[in-house]
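See below for entry35.csv, which holds CSV, C-alpha atoms.
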```
chain,number,residue,atom,x,y,z
A,1,MET,CA,-81.2,24.0,-37.7
A,2,VAL,CA,-81.6,21.9,-40.8
A,3,ASN,CA,-83.3,19.1,-38.9
A,4,SER,CA,-85.8,21.5,-37.4
A,5,LEU,CA,-86.7,22.7,-40.8
A,6,LYS,CA,-87.4,19.1,-41.8
A,7,ASN,CA,-90.0,18.8,-39.0
A,8,LYS,CA,-93.4,17.8,-40.3
A,9,LYS,CA,-95.2,20.7,-38.5
A,10,VAL,CA,-92.7,23.2,-39.7
A,11,GLN,CA,-93.1,21.9,-43.3
A,12,LEU,CA,-96.9,21.9,-43.0
A,13,TRP,CA,-96.9,25.6,-41.8
A,14,ALA,CA,-94.3,26.6,-44.3
A,15,ARG,CA,-96.3,25.1,-47.2
A,16,ARG,CA,-99.5,26.8,-46.0
A,17,LEU,CA,-97.9,30.2,-45.5
A,18,HIS,CA,-96.0,29.9,-48.8
A,19,ILE,CA,-99.2,29.3,-50.7
A,20,TYR,CA,-101.4,31.9,-48.9
A,21,VAL,CA,-98.7,34.6,-48.9
A,22,SER,CA,-98.1,34.0,-52.6
A,23,MET,CA,-101.8,34.3,-53.4
A,24,ALA,CA,-102.1,37.5,-51.3
A,25,LEU,CA,-99.1,38.9,-53.2
A,26,LEU,CA,-100.2,37.8,-56.6
A,27,LEU,CA,-101.4,41.2,-57.9
A,28,VAL,CA,-98.8,43.1,-55.9
A,29,VAL,CA,-95.9,41.1,-57.5
A,30,LEU,CA,-97.5,41.5,-61.0
A,31,PHE,CA,-97.8,45.3,-60.3
A,32,PHE,CA,-94.2,45.8,-59.3
A,33,ALA,CA,-93.0,43.5,-62.1
A,34,VAL,CA,-94.9,45.4,-64.8
A,35,THR,CA,-94.0,48.8,-63.5
A,36,GLY,CA,-90.4,47.7,-63.2
A,37,ILE,CA,-90.5,47.4,-67.0
A,38,THR,CA,-92.2,50.8,-67.5
A,39,LEU,CA,-89.8,52.4,-65.2
A,40,ASN,CA,-86.8,50.9,-67.0
A,41,ARG,CA,-88.2,52.1,-70.4
A,42,PRO,CA,-89.9,55.4,-69.7
A,43,HIS,CA,-89.4,56.7,-73.3
A,44,LEU,CA,-91.7,53.9,-74.5
A,45,TYR,CA,-94.6,54.3,-72.0
A,46,VAL,CA,-94.6,57.8,-70.5
A,47,SER,CA,-96.6,60.4,-72.4
A,48,GLU,CA,-94.3,63.1,-73.9
A,49,GLN,CA,-97.2,65.6,-74.1
A,50,PRO,CA,-98.7,65.8,-70.6
A,51,LYS,CA,-102.2,67.2,-70.2
A,52,VAL,CA,-102.3,70.7,-68.6
A,53,ASP,CA,-105.3,72.1,-66.9
A,54,GLN,CA,-105.6,75.8,-65.9
A,55,GLN,CA,-107.9,77.5,-63.5
A,56,ILE,CA,-108.5,81.0,-62.3
A,57,LEU,CA,-109.8,81.6,-58.8
A,58,ALA,CA,-110.8,84.7,-56.8
A,59,ILE,CA,-109.1,85.0,-53.4
A,60,PRO,CA,-111.3,86.5,-50.6
A,61,ASP,CA,-110.1,89.2,-48.1
A,62,PHE,CA,-110.4,86.9,-45.0
A,63,LEU,CA,-107.4,84.8,-46.1
A,64,PHE,CA,-104.9,87.6,-45.6
A,65,ALA,CA,-104.4,90.8,-43.6
A,66,ILE,CA,-101.9,93.6,-43.1
A,67,THR,CA,-100.5,93.9,-39.6
A,68,ASP,CA,-97.8,96.4,-38.6
A,69,ASP,CA,-96.9,97.0,-42.3
A,70,HIS,CA,-96.5,93.2,-42.8
A,71,LEU,CA,-98.6,90.9,-44.9
A,72,VAL,CA,-100.0,88.0,-43.0
A,73,VAL,CA,-101.6,85.0,-44.8
A,74,ASP,CA,-103.6,82.4,-42.9
A,75,LYS,CA,-102.0,79.3,-44.4
A,76,THR,CA,-104.5,76.9,-42.9
A,77,LYS,CA,-107.5,78.7,-44.2
A,78,LEU,CA,-105.8,79.2,-47.6
A,79,LEU,CA,-105.2,75.5,-48.0
A,80,ALA,CA,-108.8,74.7,-46.9
A,81,TYR,CA,-110.2,77.3,-49.3
A,82,LEU,CA,-108.2,75.9,-52.2
A,83,ALA,CA,-109.3,72.3,-51.3
A,84,ASP,CA,-112.9,73.5,-51.3
A,85,LYS,CA,-113.0,75.7,-54.4
A,86,THR,CA,-110.6,73.8,-56.7
A,87,ASN,CA,-109.9,70.3,-57.9
A,88,VAL,CA,-106.3,70.3,-56.7
A,89,THR,CA,-105.2,67.2,-54.8
A,90,GLY,CA,-101.9,65.8,-53.6
A,91,LYS,CA,-99.5,66.9,-50.8
A,92,PRO,CA,-99.1,70.7,-50.6
A,93,SER,CA,-95.6,72.2,-50.2
A,94,SER,CA,-94.7,75.0,-47.9
A,95,VAL,CA,-96.2,78.4,-48.8
A,96,GLN,CA,-93.8,80.9,-50.2
A,97,LEU,CA,-94.7,84.5,-49.6
A,98,PHE,CA,-93.3,87.8,-51.0
A,99,SER,CA,-94.8,91.1,-50.2
A,100,GLU,CA,-94.2,94.9,-50.1
A,101,VAL,CA,-96.3,97.1,-47.9
A,102,GLU,CA,-96.1,100.9,-47.8
A,103,GLU,CA,-98.0,103.0,-45.2
A,104,GLY,CA,-100.4,100.1,-44.6
A,105,GLU,CA,-101.2,99.6,-48.3
A,106,LEU,CA,-100.3,96.5,-50.2
A,107,VAL,CA,-98.0,97.4,-53.1
A,108,GLU,CA,-97.1,93.9,-54.0
A,109,GLY,CA,-98.1,90.5,-52.6
A,110,GLU,CA,-97.4,87.1,-54.1
A,111,VAL,CA,-98.0,83.6,-52.7
A,112,SER,CA,-96.9,80.4,-54.3
A,113,LEU,CA,-97.1,76.7,-53.5
A,114,ASP,CA,-97.1,73.3,-55.2
A,115,TYR,CA,-99.2,70.2,-54.9
A,116,LYS,CA,-97.6,66.9,-55.8
A,117,GLY,CA,-99.1,63.4,-56.2
A,118,PRO,CA,-98.5,60.2,-58.3
A,119,GLY,CA,-98.3,61.2,-61.9
A,120,PHE,CA,-99.2,64.9,-61.5
A,121,ASN,CA,-98.3,68.2,-60.0
A,122,SER,CA,-100.1,71.5,-59.5
A,123,THR,CA,-98.6,74.9,-59.1
A,124,VAL,CA,-100.6,77.7,-57.4
A,125,PHE,CA,-99.6,81.4,-57.9
A,126,ILE,CA,-101.6,84.0,-56.1
A,127,ASP,CA,-101.5,87.8,-56.7
A,128,LEU,CA,-102.9,89.3,-53.6
A,129,VAL,CA,-103.1,92.8,-55.2
A,130,THR,CA,-105.6,91.6,-57.8
A,131,GLN,CA,-106.8,88.9,-55.4
A,132,GLU,CA,-106.6,86.3,-58.1
A,133,ALA,CA,-105.0,82.8,-58.1
A,134,GLU,CA,-103.7,80.9,-61.2
A,135,ILE,CA,-103.7,77.2,-60.8
A,136,GLU,CA,-101.9,75.0,-63.3
A,137,THR,CA,-102.1,71.2,-63.0
A,138,THR,CA,-100.0,68.9,-65.2
A,139,HIS,CA,-101.0,65.2,-65.7
A,140,TYR,CA,-98.4,62.9,-67.0
A,141,GLY,CA,-100.7,59.9,-67.8
A,142,VAL,CA,-101.6,56.6,-66.3
A,143,ILE,CA,-98.2,55.0,-66.7
A,144,ALA,CA,-96.6,57.9,-64.8
A,145,VAL,CA,-99.1,57.3,-62.0
A,146,LEU,CA,-98.1,53.6,-61.8
A,147,ASN,CA,-94.4,54.4,-61.9
A,148,ASP,CA,-94.7,56.9,-59.1
A,149,LEU,CA,-96.7,54.3,-57.0
A,150,HIS,CA,-93.9,51.8,-57.7
A,151,LYS,CA,-91.3,54.3,-56.3
A,152,GLY,CA,-93.6,55.5,-53.5
A,153,ARG,CA,-93.1,59.0,-54.9
A,154,ASN,CA,-95.6,61.6,-53.6
A,155,SER,CA,-97.9,58.8,-52.5
A,156,GLY,CA,-98.2,59.4,-48.8
A,157,GLN,CA,-97.2,57.4,-45.7
A,158,VAL,CA,-100.0,54.8,-46.0
A,159,TRP,CA,-98.7,53.7,-49.4
A,160,ALA,CA,-95.1,53.8,-48.1
A,161,TRP,CA,-96.1,51.3,-45.4
A,162,PHE,CA,-97.9,49.2,-48.0
A,163,ILE,CA,-94.6,49.0,-50.0
A,164,ASP,CA,-92.6,48.1,-46.8
A,165,ILE,CA,-95.1,45.4,-45.8
A,166,SER,CA,-95.3,44.0,-49.3
A,167,ALA,CA,-91.5,43.7,-49.4
A,168,LEU,CA,-91.4,41.9,-46.1
A,169,LEU,CA,-94.0,39.4,-47.2
A,170,MET,CA,-92.0,38.8,-50.4
A,171,ILE,CA,-88.9,38.0,-48.3
A,172,PHE,CA,-91.1,35.7,-46.2
A,173,PHE,CA,-92.4,34.0,-49.3
A,174,VAL,CA,-88.8,33.3,-50.5
A,175,LEU,CA,-87.7,32.0,-47.1
A,176,THR,CA,-90.7,29.6,-46.8
A,177,GLY,CA,-89.9,28.4,-50.4
A,178,VAL,CA,-86.4,27.6,-49.3
A,179,CYS,CA,-87.8,25.8,-46.2
A,180,LEU,CA,-89.9,23.6,-48.3
A,181,LEU,CA,-86.9,22.6,-50.5
A,182,VAL,CA,-84.7,21.6,-47.5
A,183,PRO,CA,-86.1,18.0,-47.0
A,184,LYS,CA,-85.9,17.3,-50.8
A,185,LYS,CA,-82.2,16.7,-51.3
A,186,LYS,CA,-82.2,16.6,-55.1
A,187,SER,CA,-84.4,19.6,-55.5
A,188,PHE,CA,-82.6,21.5,-52.8
A,189,SER,CA,-79.2,20.8,-54.4
A,190,LEU,CA,-80.5,21.8,-57.8
A,191,GLY,CA,-82.0,24.9,-56.3
A,192,LEU,CA,-78.7,25.9,-54.7
A,193,LYS,CA,-77.0,25.5,-58.1
A,194,TRP,CA,-79.5,27.8,-59.8
A,195,THR,CA,-79.2,30.3,-56.9
A,196,ALA,CA,-75.4,30.3,-57.4
A,197,PHE,CA,-75.8,30.6,-61.2
A,198,GLY,CA,-78.2,33.5,-60.9
A,199,SER,CA,-76.1,35.3,-58.3
A,200,VAL,CA,-72.9,34.9,-60.4
A,201,ILE,CA,-74.6,36.2,-63.6
A,202,SER,CA,-76.0,39.2,-61.7
A,203,LEU,CA,-72.6,40.0,-60.3
A,204,LEU,CA,-70.9,39.7,-63.7
A,205,ILE,CA,-73.5,42.0,-65.3
A,206,TYR,CA,-72.9,44.5,-62.6
A,207,LEU,CA,-69.1,44.3,-62.8
A,208,PHE,CA,-68.7,44.3,-66.6
A,209,ALA,CA,-71.9,45.7,-68.1
A,210,VAL,CA,-72.9,48.6,-65.8
A,211,PRO,CA,-71.0,51.8,-66.6
```
What does this structure look like when you write it as structure tokens?
Amino acid sequence: MVNSLKNKKVQLWARRLHIYVSMALLLVVLFFAVTGITLNRPHLYVSEQPKVDQQILAIPDFLFAITDDHLVVDKTKLLAYLADKTNVTGKPSSVQLFSEVEEGELVEGEVSLDYKGPGFNSTVFIDLVTQEAEIETTHYGVIAVLNDLHKGRNSGQVWAWFIDISALLMIFFVLTGVCLLVPKKKSFSLGLKWTAFGSVISLLIYLFAVP
């Protein structure tokens, strides 16, 4: 195994891949390093007074109907209407519906749902009696956006795959670095000592400093 790693072709490709993967990951590693600090010290970077935007929107009749003394809301059309008429973005939650119908008349009808995205969330409350929607969006600032992206929170499946692929490339970057050290006995020996030192320090911190 060690001898195969010392092969010239293996070393050549390891060096190339190590360099190109590191350059491809340059900004990605910086991003996760910086946001690691902002996540660890949220009280220093995250805004304590988030920006809140409010919006009132009229709800048309075609989005709901009363059938057999039950209120029926077309959820697909409702979400499409909100997307068209408002500035809400993010992933919508399930639609919560409460209603009271007497003799075919709507006595009380309430619809609520949330939208969540990196660094913000929106709440939508609809009174179907008055046919009016109240939309409140809370923005927590740029740092909150970056922190949520770091965690993959409310960022969608594409971003989740981006995080996974970046992590795999980082592992590949580390392994090619080890491969390049194998033929250099002194450097490899010193590298192993530093690896052991860092591992022991990390373990001791976990055992004695973490509550």
Report task. Find the residues around Ile59 in chain A up to 9 Å (all atoms listed in the file counted), leave out those fewer than 6 positions away in its own chain, and share them as a ChimeraX atom specification. Result -> /A:78,81,126-128,130-133
Requested in this report: Kindly extract all protein, DNA and RNA residues lying within 12 Å of the coordinates (-93.3, 21.5, -43.3) given in the file, considering all atoms listed in the file, and supply them as number ranges by chain.
Outcome: A: 2-18, 176-184
Query raised in the report: Between A:Val210, A:Leu113, A:Val145, A:Leu39, which has the minimum distance to Lys91 in chain A (counting only C-alpha atoms)?
Result: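 Distance minimum relative to Lys91 in chain A lands on A:Leu113.
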Query raised in the report: So which one's closest to Phe120 in chain A, A:Asn154, A:Gln55, A:Ser99, A:Ser94? Using all atoms listed in the file, please.
Result: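 Among the listed residues, A:Asn154 lies closest to Phe120 in chain A.
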Report task. Could you pull out every residue with an atom within 10 Å of (-96.4, 80.8, -58.7), file coordinates, counting only C-alpha atoms, and send them as a ChimeraX atom specification? Result -> /A:96-97,110-114,123-127,133-136
Report summary line: Residue with the minimum atom-to-atom distance to Gly109 in chain A, picked from A:Arg153, A:Lys193, A:His70, A:His139 with all atoms listed in the file counted, is A:His70
Report task. Would you mind telling me which residue in A:Gly141, A:Gly90, A:Gly156, A:Gly198 lies nearest to Gly117 in chain A when using only C-alpha atoms? Result -> A:Gly90
Report summary line: Closest of A:Glu48, A:Val28, A:Leu71, A:Lys185 to Ile163 in chain A, counting only C-alpha atoms, is A:Val28
Report task. To one decimal in Å, tell me the separation between CA of Ser122 in chain A and CA of Val142 in chain A. Result -> 16.4 Å
Report task. Using all atoms listed in the file, determine which residues lie at most 8 Å from Asn147 in chain A, disregarding the query and same-chain residues fewer than 5 positions distant; provide the list as a list in words. Result ->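 Everything that qualifies: Thr35, Gly36, Thr38, Leu39, Pro118 and Gly119 of chain A.
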Selected residues written out, C-alpha atoms, as a PDB file, keeping the file's coordinate frame:
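Printed below is again.pdb as written:
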```
ATOM      1  CA  THR A  35     -94.000  48.800 -63.500  1.00  0.00           C
ATOM      2  CA  GLY A  36     -90.400  47.700 -63.200  1.00  0.00           C
ATOM      3  CA  THR A  38     -92.200  50.800 -67.500  1.00  0.00           C
ATOM      4  CA  LEU A  39     -89.800  52.400 -65.200  1.00  0.00           C
ATOM      5  CA  PRO A 118     -98.500  60.200 -58.300  1.00  0.00           C
ATOM      6  CA  GLY A 119     -98.300  61.200 -61.900  1.00  0.00           C
TER       7      GLY A 119
END
```
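For the choices A:Phe162, A:Ala144, A:Pro92, A:Leu30, the atom-to-atom distance to His43 in chain A is smallest for A:Ala144 when using only C-alpha atoms.
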